[in-house]
Amino acid sequence: MLNKLLQNKTSIFVVMLFVTLLVFVRAFEKQLFYDPFLVYFEGDYMELPLPEFDNLKLFFGLTFRFFLNALFSLGILYFIFKDKEMISFVSILYLFLFVILIAAFFCMLHFFKNQENLLLFYVRRFLIQPLFVIVFIPAFYYQKLNN
């Protein structure tokens, strides 16, 4: 096993680099992205009214953050599995998930107002955090074991 680790030093280093980049996205989120919901969801958001926000700036902020996280996640997946077909499949899946999540997020913001704050919290969480990579790594590992 040690020999296998030594052979894959470059891949391990690159994966750790991408993980570090994901941590930096999280660490500098207030400086990098427009998101008035960062502060809102830190407080007692179940009772508070929604904060004032600019739709266009919020859309581009969430989009930039989602695709930055997706890009780093795709890098992690590529250097773990080295499978280009899988990366193209996951890229399409990320795009599909983004369209569904961003549409759901803005529909909840505009149609449900202050009624579905918890659901809004979780949809936003999937948009701003790299949660899909946590699901994809074990799923593709299991798939590779079975092939």
# chains A, B, ... in the order shown; residues from 1 in each chain; ligands from 1
call {"tool": "residues_around", "arguments": {"residues": "range 20-36 of chain A", "least_positions_apart": "6", "cutoff": "10 Å", "atoms": "only C-alpha atoms", "output": "ChimeraX atom specification"}}
result
/A:14,50-54,57-65,68-73,128-130
call {"tool": "write_last_selection", "arguments": {"atoms": "C-alpha atoms", "output": "short mmCIF file (atom, residue, chain, number, x, y, z; two decimals), in the first residue's frame"}}
result
data_model
loop_
_atom_site.label_atom_id
_atom_site.label_comp_id
_atom_site.auth_asym_id
_atom_site.auth_seq_id
_atom_site.Cartn_x
_atom_site.Cartn_y
_atom_site.Cartn_z
CA VAL A 14 -3.21 17.84 -6.48
CA LEU A 50 -35.91 37.94 4.55
CA PRO A 51 -33.08 40.43 4.07
CA GLU A 52 -33.05 42.96 1.26
CA PHE A 53 -31.19 41.63 -1.77
CA ASP A 54 -30.42 42.40 -5.39
CA LYS A 57 -26.12 40.22 -7.90
CA LEU A 58 -27.39 37.30 -5.81
CA PHE A 59 -27.82 35.13 -8.91
CA PHE A 60 -24.31 35.86 -10.17
CA GLY A 61 -22.82 35.45 -6.69
CA LEU A 62 -24.44 32.04 -6.22
CA THR A 63 -23.59 31.01 -9.78
CA PHE A 64 -19.94 31.98 -9.42
CA ARG A 65 -19.63 30.17 -6.11
CA LEU A 68 -16.06 27.48 -8.54
CA ASN A 69 -16.92 24.68 -6.10
CA ALA A 70 -17.94 22.44 -9.02
CA LEU A 71 -14.66 23.10 -10.84
CA PHE A 72 -12.58 22.23 -7.79
CA SER A 73 -14.77 19.18 -7.11
CA ILE A 128 -22.95 27.23 -1.91
CA GLN A 129 -21.26 24.15 -0.42
CA PRO A 130 -19.44 21.38 -2.32
#
call {"tool": "select_by_dssp", "arguments": {"residues": "chain A", "states": "alpha helix (DSSP H)", "output": "PyMOL selection string"}}
result
chain A and resi 2-7+9-27+29-32+37-40+55-81+84-111+117-128+131-146
call {"tool": "atom_distance", "arguments": {"atom1": "CA of Leu93 in chain A", "atom2": "CA of Phe18 in chain A"}}
result
19.7 Å
call {"tool": "closest_atom_pairs", "arguments": {"of": "range 25-85 of chain A", "to": "range 135-139 of chain A", "cutoff": "12 Å", "atoms": "only C-alpha atoms", "output": "CSV"}}
result
residue,atom,partner,partner_atom,distance
A:Ala70,CA,A:Phe136,CA,11.7
A:Ser73,CA,A:Phe136,CA,9.4
A:Leu74,CA,A:Phe136,CA,9.9
A:Gly75,CA,A:Ile137,CA,11.8
A:Ile76,CA,A:Ile137,CA,8.9
A:Leu77,CA,A:Ile137,CA,6.9
A:Tyr78,CA,A:Ile137,CA,10.3
A:Phe79,CA,A:Ile137,CA,11.2
A:Ile80,CA,A:Ile137,CA,8.4
A:Phe81,CA,A:Ile137,CA,8.9
call {"tool": "write_last_selection", "arguments": {"atoms": "all heavy atoms", "output": "short mmCIF file (atom, residue, chain, number, x, y, z; two decimals), in the first residue's frame"}}
result
data_model
loop_
_atom_site.label_atom_id
_atom_site.label_comp_id
_atom_site.auth_asym_id
_atom_site.auth_seq_id
_atom_site.Cartn_x
_atom_site.Cartn_y
_atom_site.Cartn_z
N ALA A 70 -17.81 23.55 -8.08
CA ALA A 70 -17.94 22.44 -9.02
C ALA A 70 -16.62 22.18 -9.75
O ALA A 70 -16.21 21.03 -9.92
CB ALA A 70 -19.05 22.72 -10.02
N SER A 73 -14.28 20.54 -7.37
CA SER A 73 -14.77 19.18 -7.11
C SER A 73 -14.48 18.26 -8.29
O SER A 73 -14.10 17.10 -8.10
CB SER A 73 -16.27 19.21 -6.83
OG SER A 73 -16.55 19.95 -5.68
N LEU A 74 -14.66 18.78 -9.50
CA LEU A 74 -14.34 17.98 -10.69
C LEU A 74 -12.84 17.66 -10.74
O LEU A 74 -12.45 16.57 -11.14
CB LEU A 74 -14.77 18.71 -11.96
CG LEU A 74 -16.27 18.76 -12.21
CD1 LEU A 74 -16.58 19.70 -13.38
CD2 LEU A 74 -16.83 17.39 -12.48
N GLY A 75 -12.02 18.62 -10.31
CA GLY A 75 -10.59 18.36 -10.24
C GLY A 75 -10.27 17.24 -9.25
O GLY A 75 -9.45 16.35 -9.54
N ILE A 76 -10.93 17.27 -8.11
CA ILE A 76 -10.74 16.20 -7.12
C ILE A 76 -11.15 14.86 -7.70
O ILE A 76 -10.41 13.87 -7.61
CB ILE A 76 -11.55 16.51 -5.84
CG1 ILE A 76 -10.94 17.70 -5.10
CG2 ILE A 76 -11.62 15.29 -4.92
CD1 ILE A 76 -11.79 18.25 -3.98
N LEU A 77 -12.33 14.82 -8.31
CA LEU A 77 -12.82 13.56 -8.89
C LEU A 77 -11.91 13.05 -10.00
O LEU A 77 -11.65 11.85 -10.10
CB LEU A 77 -14.25 13.75 -9.42
CG LEU A 77 -15.32 13.94 -8.35
CD1 LEU A 77 -16.63 14.38 -9.00
CD2 LEU A 77 -15.51 12.67 -7.55
N TYR A 78 -11.40 13.97 -10.82
CA TYR A 78 -10.52 13.54 -11.91
C TYR A 78 -9.23 12.91 -11.37
O TYR A 78 -8.81 11.85 -11.84
CB TYR A 78 -10.19 14.69 -12.85
CG TYR A 78 -9.25 14.25 -13.94
CD1 TYR A 78 -9.72 13.48 -15.00
CD2 TYR A 78 -7.89 14.54 -13.87
CE1 TYR A 78 -8.85 13.03 -15.98
CE2 TYR A 78 -7.03 14.09 -14.85
CZ TYR A 78 -7.50 13.34 -15.90
OH TYR A 78 -6.64 12.87 -16.85
N PHE A 79 -8.62 13.57 -10.40
CA PHE A 79 -7.35 13.06 -9.91
C PHE A 79 -7.50 11.84 -9.00
O PHE A 79 -6.53 11.12 -8.79
CB PHE A 79 -6.54 14.16 -9.24
CG PHE A 79 -5.85 15.05 -10.23
CD1 PHE A 79 -6.42 16.24 -10.64
CD2 PHE A 79 -4.66 14.66 -10.80
CE1 PHE A 79 -5.81 17.04 -11.58
CE2 PHE A 79 -4.02 15.44 -11.74
CZ PHE A 79 -4.60 16.64 -12.14
N ILE A 80 -8.68 11.59 -8.51
CA ILE A 80 -8.91 10.36 -7.74
C ILE A 80 -9.16 9.20 -8.69
O ILE A 80 -8.59 8.12 -8.53
CB ILE A 80 -10.09 10.52 -6.75
CG1 ILE A 80 -9.69 11.45 -5.61
CG2 ILE A 80 -10.53 9.17 -6.20
CD1 ILE A 80 -10.81 11.76 -4.64
N PHE A 81 -10.03 9.40 -9.70
CA PHE A 81 -10.47 8.29 -10.54
C PHE A 81 -9.83 8.26 -11.93
O PHE A 81 -9.86 7.22 -12.58
CB PHE A 81 -12.00 8.32 -10.68
CG PHE A 81 -12.69 8.13 -9.37
CD1 PHE A 81 -13.31 9.20 -8.74
CD2 PHE A 81 -12.71 6.89 -8.75
CE1 PHE A 81 -13.95 9.03 -7.52
CE2 PHE A 81 -13.34 6.71 -7.53
CZ PHE A 81 -13.96 7.79 -6.92
#
call {"tool": "atom_distance", "arguments": {"atom1": "CA of Val99 in chain A", "atom2": "CA of Lys144 in chain A"}}
result
28.2 Å
call {"tool": "residues_around", "arguments": {"residues": "Cys107 in chain A", "least_positions_apart": "4", "cutoff": "12 Å", "atoms": "only C-alpha atoms", "output": "list in words"}}
result
Asn55, Ile100, Leu101, Ile102, Ala103, Phe111, Phe112, Lys113, Glu116, Leu119, Leu120 and Val123 of chain A
call {"tool": "write_last_selection", "arguments": {"atoms": "N, CA, C and O atoms", "output": "PDB file, in the first residue's frame"}}
result
ATOM      1  N   ASN A  55     -31.536  40.810  -6.848  1.00  0.00           N
ATOM      2  CA  ASN A  55     -31.706  39.528  -7.549  1.00  0.00           C
ATOM      3  C   ASN A  55     -30.541  39.190  -8.466  1.00  0.00           C
ATOM      4  O   ASN A  55     -30.027  38.071  -8.440  1.00  0.00           O
ATOM      5  N   ILE A 100     -31.763  23.206 -11.533  1.00  0.00           N
ATOM      6  CA  ILE A 100     -32.887  22.856 -10.645  1.00  0.00           C
ATOM      7  C   ILE A 100     -32.788  23.627  -9.326  1.00  0.00           C
ATOM      8  O   ILE A 100     -33.784  24.190  -8.857  1.00  0.00           O
ATOM      9  N   LEU A 101     -31.606  23.652  -8.726  1.00  0.00           N
ATOM     10  CA  LEU A 101     -31.456  24.299  -7.420  1.00  0.00           C
ATOM     11  C   LEU A 101     -31.619  25.814  -7.499  1.00  0.00           C
ATOM     12  O   LEU A 101     -32.254  26.418  -6.625  1.00  0.00           O
ATOM     13  N   ILE A 102     -31.055  26.451  -8.509  1.00  0.00           N
ATOM     14  CA  ILE A 102     -31.155  27.916  -8.601  1.00  0.00           C
ATOM     15  C   ILE A 102     -32.601  28.313  -8.892  1.00  0.00           C
ATOM     16  O   ILE A 102     -33.100  29.307  -8.341  1.00  0.00           O
ATOM     17  N   ALA A 103     -33.297  27.532  -9.715  1.00  0.00           N
ATOM     18  CA  ALA A 103     -34.714  27.818  -9.988  1.00  0.00           C
ATOM     19  C   ALA A 103     -35.539  27.641  -8.714  1.00  0.00           C
ATOM     20  O   ALA A 103     -36.392  28.484  -8.398  1.00  0.00           O
ATOM     21  N   PHE A 111     -41.960  33.444  -4.222  1.00  0.00           N
ATOM     22  CA  PHE A 111     -43.341  32.991  -4.107  1.00  0.00           C
ATOM     23  C   PHE A 111     -43.734  32.600  -2.690  1.00  0.00           C
ATOM     24  O   PHE A 111     -44.895  32.694  -2.324  1.00  0.00           O
ATOM     25  N   PHE A 112     -42.764  32.139  -1.896  1.00  0.00           N
ATOM     26  CA  PHE A 112     -43.089  31.700  -0.547  1.00  0.00           C
ATOM     27  C   PHE A 112     -42.743  32.731   0.515  1.00  0.00           C
ATOM     28  O   PHE A 112     -43.068  32.555   1.670  1.00  0.00           O
ATOM     29  N   LYS A 113     -42.019  33.763   0.098  1.00  0.00           N
ATOM     30  CA  LYS A 113     -41.588  34.847   0.990  1.00  0.00           C
ATOM     31  C   LYS A 113     -40.959  34.278   2.261  1.00  0.00           C
ATOM     32  O   LYS A 113     -39.935  33.668   2.201  1.00  0.00           O
ATOM     33  N   GLU A 116     -41.088  29.385   3.989  1.00  0.00           N
ATOM     34  CA  GLU A 116     -40.275  28.172   3.868  1.00  0.00           C
ATOM     35  C   GLU A 116     -38.792  28.462   4.107  1.00  0.00           C
ATOM     36  O   GLU A 116     -37.943  28.103   3.303  1.00  0.00           O
ATOM     37  N   LEU A 119     -36.463  25.259   4.231  1.00  0.00           N
ATOM     38  CA  LEU A 119     -36.230  24.704   2.894  1.00  0.00           C
ATOM     39  C   LEU A 119     -35.297  25.606   2.086  1.00  0.00           C
ATOM     40  O   LEU A 119     -34.390  25.130   1.397  1.00  0.00           O
ATOM     41  N   LEU A 120     -35.491  26.902   2.207  1.00  0.00           N
ATOM     42  CA  LEU A 120     -34.620  27.874   1.549  1.00  0.00           C
ATOM     43  C   LEU A 120     -33.179  27.715   2.030  1.00  0.00           C
ATOM     44  O   LEU A 120     -32.237  27.741   1.246  1.00  0.00           O
ATOM     45  N   VAL A 123     -31.718  24.438   0.361  1.00  0.00           N
ATOM     46  CA  VAL A 123     -31.472  24.587  -1.081  1.00  0.00           C
ATOM     47  C   VAL A 123     -30.245  25.470  -1.292  1.00  0.00           C
ATOM     48  O   VAL A 123     -29.373  25.163  -2.112  1.00  0.00           O
TER      49      VAL A 123
END
call {"tool": "atom_distance", "arguments": {"atom1": "CA of Phe132 in chain A", "atom2": "CA of Leu97 in chain A"}}
result
9.6 Å
call {"tool": "closest_residue", "arguments": {"among": "A:Leu131, A:Phe41, A:Leu109, A:Lys82", "to": "Val15 in chain A", "atoms": "only C-alpha atoms"}}
result
A:Lys82
